[in-house]
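**Student:** One structure is given below, represented as structure tokens, and several questions about it will come after.
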Amino acid sequence: MRGLNERYRQALGPDVDALAHLRQHVALPSKDAFDRYDPTASLSAYLTDSAPSLAAVPAETWRAYAAEARAIIDSTPHPSVPWHLLWNADAPHEQATSQLREAELVHITWAWSYVSPKGRNRYIANRVFGAQDVYEALVESEERARHEASREHQRALMTPSLRFDILKRDGYRCQICGRTAAEGARLEVDHKVPVAAGGLTVPENLWTLCHDCNNGKSAKEL
Ligand SMILES: [Zn+2]
């Protein structure tokens, strides 16, 4: 394990030591926020905001490190001992079980809590994150970035000429109430399935609505 750690300390960069034994405590404003708290998403945001040099290491490197560490731990006489408690897993058996210390480079203690106004109810939970969790958090943030980029792309596809084509196709009428601009309607071209919900900017997913119907529709969907 020591050899593995040395090898990956190079690959992950010097900042890995700052992250190695990080302890985070997040105080939440309500019981609902406590129940809905997603520690992996928080770790992912933390890495992006506070540890950009580590977030910039390809996620694959973290996955490979986690897999190699897991293989070493699985080969010990006590693979069920939580990996973060296992010390120097390639040391002799006696040593591995008597000295319980962390085996992986990264071992982040992430706690979250909520205390009710008068302190009557206290809720606390925590998780220990290792390299595998860092990998999953990075994949999650990559997916979020990709999703965001594709939304921007879909919005950018909405050109004035496409908008005009849709208005023309729909006979310059609101497709819900049938009013035209001459009848006082403010016409808008709208996505049937919103871009935020994965809708595409293609004629089949676009229609002409008046401002009133469009807003009524938006309110209903919220
Ligand atoms: Zn309308």
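Going by the structure tokens order, chains are called A, B, ..., each with residues numbered from 1, while ligands are numbered from 1 in the order shown.
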For ligand 1, collect every residue having any atom at a distance of at most 8 Å from a ligand atom (counting only C-alpha atoms and all ligand atoms); output as a VMD selection string.
**Tutor:** chain A and resid 173 to 179 185 209 to 214
**Student:** Give me a file of those residues, with C-alpha atoms, as a tab-separated table (two decimals), in the first residue's frame.
**Tutor:**
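Below is the file that was written, result_37.tsv:
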```
chain	number	residue	atom	x	y	z
A	173	ARG	CA	-51.74	31.88	-33.97
A	174	CYS	CA	-51.42	30.78	-30.38
A	175	GLN	CA	-51.74	26.99	-30.52
A	176	ILE	CA	-53.75	26.94	-27.30
A	177	CYS	CA	-56.23	29.82	-27.49
A	178	GLY	CA	-56.00	30.52	-31.21
A	179	ARG	CA	-55.49	34.27	-30.88
A	185	ALA	CA	-51.81	38.35	-28.49
A	209	LEU	CA	-48.08	30.38	-27.93
A	210	CYS	CA	-49.33	33.74	-26.78
A	211	HIS	CA	-47.62	35.26	-23.76
A	212	ASP	CA	-50.63	34.52	-21.51
A	213	CYS	CA	-50.94	30.85	-22.46
A	214	ASN	CA	-47.19	30.39	-22.26
```
**Student:** Write out as a list in words which residues come within 8 Å of segment 67-69 of chain A when counting only C-alpha atoms, dropping same-chain ones fewer than 6 positions away.
**Tutor:**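 Contacts, in chain order: Met1, Leu4, Glu104 and Gln132 of chain A.
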**Student:** Would you put the residues from that selection into a file with C-alpha atoms, as a PDB file, in the first residue's frame?
**Tutor:**
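Listed below is the output, part-v3.pdb:
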```
ATOM      1  CA  MET A   1       0.000   0.000   0.000  1.00  0.00           C
ATOM      2  CA  LEU A   4       0.879   2.381  -4.248  1.00  0.00           C
ATOM      3  CA  GLU A 104      -5.636   5.141   1.494  1.00  0.00           C
ATOM      4  CA  GLN A 132     -13.687   5.805  -5.015  1.00  0.00           C
TER       5      GLN A 132
END
```
**Student:** I need the residues in chain A that are strand (DSSP E) according to DSSP; give them as a PyMOL selection string.
**Tutor:** chain A and resi 23-27+108-115+122-129+187-191+206-210
**Student:** Using only N, CA and C atoms, please write the residues we just selected to a file, as a tab-separated table (two decimals), in the first residue's frame.
**Tutor:**
```
chain	number	residue	atom	x	y	z
A	23	ARG	N	-11.58	17.30	7.24
A	23	ARG	CA	-12.83	17.10	7.99
A	23	ARG	C	-13.74	18.27	7.68
A	24	GLN	N	-14.94	17.97	7.21
A	24	GLN	CA	-15.89	19.03	6.88
A	24	GLN	C	-17.14	18.83	7.72
A	25	HIS	N	-17.68	19.93	8.18
A	25	HIS	CA	-18.94	19.84	8.90
A	25	HIS	C	-19.90	20.87	8.32
A	26	VAL	N	-21.03	20.42	7.84
A	26	VAL	CA	-22.01	21.31	7.22
A	26	VAL	C	-23.23	21.39	8.13
A	27	ALA	N	-23.53	22.62	8.60
A	27	ALA	CA	-24.71	22.82	9.43
A	27	ALA	C	-25.87	23.21	8.52
A	108	ILE	N	-11.59	11.43	3.80
A	108	ILE	CA	-12.26	12.69	4.13
A	108	ILE	C	-13.46	12.41	5.01
A	109	THR	N	-13.52	13.07	6.15
A	109	THR	CA	-14.68	12.87	7.01
A	109	THR	C	-15.66	14.00	6.76
A	110	TRP	N	-16.83	13.64	6.29
A	110	TRP	CA	-17.82	14.63	5.89
A	110	TRP	C	-19.04	14.47	6.80
A	111	ALA	N	-19.31	15.48	7.61
A	111	ALA	CA	-20.44	15.39	8.53
A	111	ALA	C	-21.46	16.45	8.20
A	112	TRP	N	-22.73	16.16	8.45
A	112	TRP	CA	-23.77	17.17	8.25
A	112	TRP	C	-24.78	17.05	9.39
A	113	SER	N	-25.32	18.19	9.78
A	113	SER	CA	-26.18	18.17	10.95
A	113	SER	C	-27.27	19.23	10.86
A	114	TYR	N	-28.27	19.01	11.68
A	114	TYR	CA	-29.31	20.02	11.87
A	114	TYR	C	-29.70	20.01	13.34
A	115	VAL	N	-29.75	21.19	13.92
A	115	VAL	CA	-30.18	21.32	15.32
A	115	VAL	C	-31.42	22.21	15.32
A	122	ARG	N	-31.54	17.08	17.69
A	122	ARG	CA	-30.26	17.17	16.99
A	122	ARG	C	-30.16	15.98	16.05
A	123	TYR	N	-29.76	16.28	14.83
A	123	TYR	CA	-29.56	15.21	13.86
A	123	TYR	C	-28.16	15.35	13.32
A	124	ILE	N	-27.45	14.27	13.31
A	124	ILE	CA	-26.10	14.33	12.74
A	124	ILE	C	-25.81	13.04	11.99
A	125	ALA	N	-25.14	13.18	10.87
A	125	ALA	CA	-24.76	12.00	10.09
A	125	ALA	C	-23.37	12.28	9.52
A	126	ASN	N	-22.68	11.24	9.18
A	126	ASN	CA	-21.40	11.48	8.52
A	126	ASN	C	-21.02	10.32	7.64
A	127	ARG	N	-20.10	10.62	6.74
A	127	ARG	CA	-19.57	9.59	5.84
A	127	ARG	C	-18.09	9.80	5.69
A	128	VAL	N	-17.39	8.72	5.48
A	128	VAL	CA	-15.96	8.83	5.20
A	128	VAL	C	-15.79	8.59	3.70
A	129	PHE	N	-15.20	9.55	3.04
A	129	PHE	CA	-14.98	9.43	1.60
A	129	PHE	C	-13.56	8.97	1.32
A	187	LEU	N	-47.18	36.93	-29.38
A	187	LEU	CA	-46.81	35.56	-29.74
A	187	LEU	C	-45.36	35.23	-29.39
A	188	GLU	N	-45.18	34.03	-28.89
A	188	GLU	CA	-43.86	33.56	-28.52
A	188	GLU	C	-43.68	32.14	-29.05
A	189	VAL	N	-42.46	31.80	-29.39
A	189	VAL	CA	-42.19	30.41	-29.79
A	189	VAL	C	-41.59	29.72	-28.58
A	190	ASP	N	-42.22	28.60	-28.22
A	190	ASP	CA	-41.90	27.93	-26.95
A	190	ASP	C	-41.55	26.46	-27.18
A	191	HIS	N	-40.73	25.93	-26.30
A	191	HIS	CA	-40.43	24.49	-26.31
A	191	HIS	C	-41.58	23.74	-25.62
A	206	LEU	N	-41.36	22.50	-30.94
A	206	LEU	CA	-41.60	23.94	-30.81
A	206	LEU	C	-43.03	24.24	-31.22
A	207	TRP	N	-43.61	25.23	-30.58
A	207	TRP	CA	-44.93	25.67	-30.98
A	207	TRP	C	-45.11	27.14	-30.65
A	208	THR	N	-46.11	27.73	-31.30
A	208	THR	CA	-46.40	29.15	-31.08
A	208	THR	C	-47.44	29.28	-29.98
A	209	LEU	N	-47.12	30.12	-29.00
A	209	LEU	CA	-48.08	30.38	-27.93
A	209	LEU	C	-48.16	31.88	-27.72
A	210	CYS	N	-49.29	32.34	-27.17
A	210	CYS	CA	-49.33	33.74	-26.78
A	210	CYS	C	-48.70	33.84	-25.39
```
**Student:** Quick one: everything within 8 Å of segment 35-41 of chain A, counting only C-alpha atoms, minus sequence neighbours fewer than 4 positions away in the same chain. Send it as a ChimeraX atom specification.
**Tutor:** /A:31,45,110,127,133,136-137,140-141
**Student:** Any idea what's packed within 12 Å of Leu54 of chain A, counting only C-alpha atoms, ignoring anything in its chain fewer than 2 positions away? Could you give it as a PyMOL selection string?
**Tutor:** chain A and resi 9-20+44+46-52+56-59+61-62+106+131+134-135+137-138
**Student:** Store the residues picked out above in a file with C-alpha atoms, as a short mmCIF file (atom, residue, chain, number, x, y, z; two decimals), in the first residue's frame.
**Tutor:**
```cif
data_model
loop_
_atom_site.label_atom_id
_atom_site.label_comp_id
_atom_site.auth_asym_id
_atom_site.auth_seq_id
_atom_site.Cartn_x
_atom_site.Cartn_y
_atom_site.Cartn_z
CA ARG A 9 0.93 10.84 -4.77
CA GLN A 10 2.91 11.73 -7.90
CA ALA A 11 -0.05 11.25 -10.22
CA LEU A 12 -2.51 13.18 -8.07
CA GLY A 13 -0.15 16.04 -7.29
CA PRO A 14 1.05 17.61 -4.04
CA ASP A 15 -2.39 18.99 -3.13
CA VAL A 16 -3.63 15.51 -2.34
CA ASP A 17 -2.03 15.83 1.10
CA ALA A 18 -4.22 18.81 1.96
CA LEU A 19 -7.31 16.82 1.06
CA ALA A 20 -6.11 13.58 2.62
CA SER A 44 -18.30 17.28 -5.90
CA TYR A 46 -16.22 21.23 -2.81
CA LEU A 47 -13.67 19.68 -5.15
CA THR A 48 -14.58 22.02 -7.97
CA ASP A 49 -14.57 25.15 -5.80
CA SER A 50 -11.85 24.49 -3.22
CA ALA A 51 -9.55 21.89 -4.70
CA PRO A 52 -9.43 22.71 -8.44
CA ALA A 56 -8.49 18.60 -12.64
CA VAL A 57 -6.86 15.17 -12.24
CA PRO A 58 -8.69 12.87 -14.66
CA ALA A 59 -11.45 10.99 -12.83
CA THR A 61 -6.82 8.24 -12.21
CA TRP A 62 -8.91 8.32 -9.04
CA VAL A 106 -7.55 10.15 0.85
CA ALA A 131 -10.68 7.67 -3.57
CA VAL A 134 -13.81 11.25 -5.09
CA TYR A 135 -14.02 9.45 -8.43
CA ALA A 137 -18.06 12.95 -7.21
CA LEU A 138 -15.93 13.99 -10.18
#
```
**Student:** Work out how far apart atom CA of Arg169 of chain A and atom CA of Arg155 of chain A are and give it in Å to one decimal.
**Tutor:**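 Spanning atom CA of Arg169 of chain A to atom CA of Arg155 of chain A is a straight-line distance of 20.2 Å.
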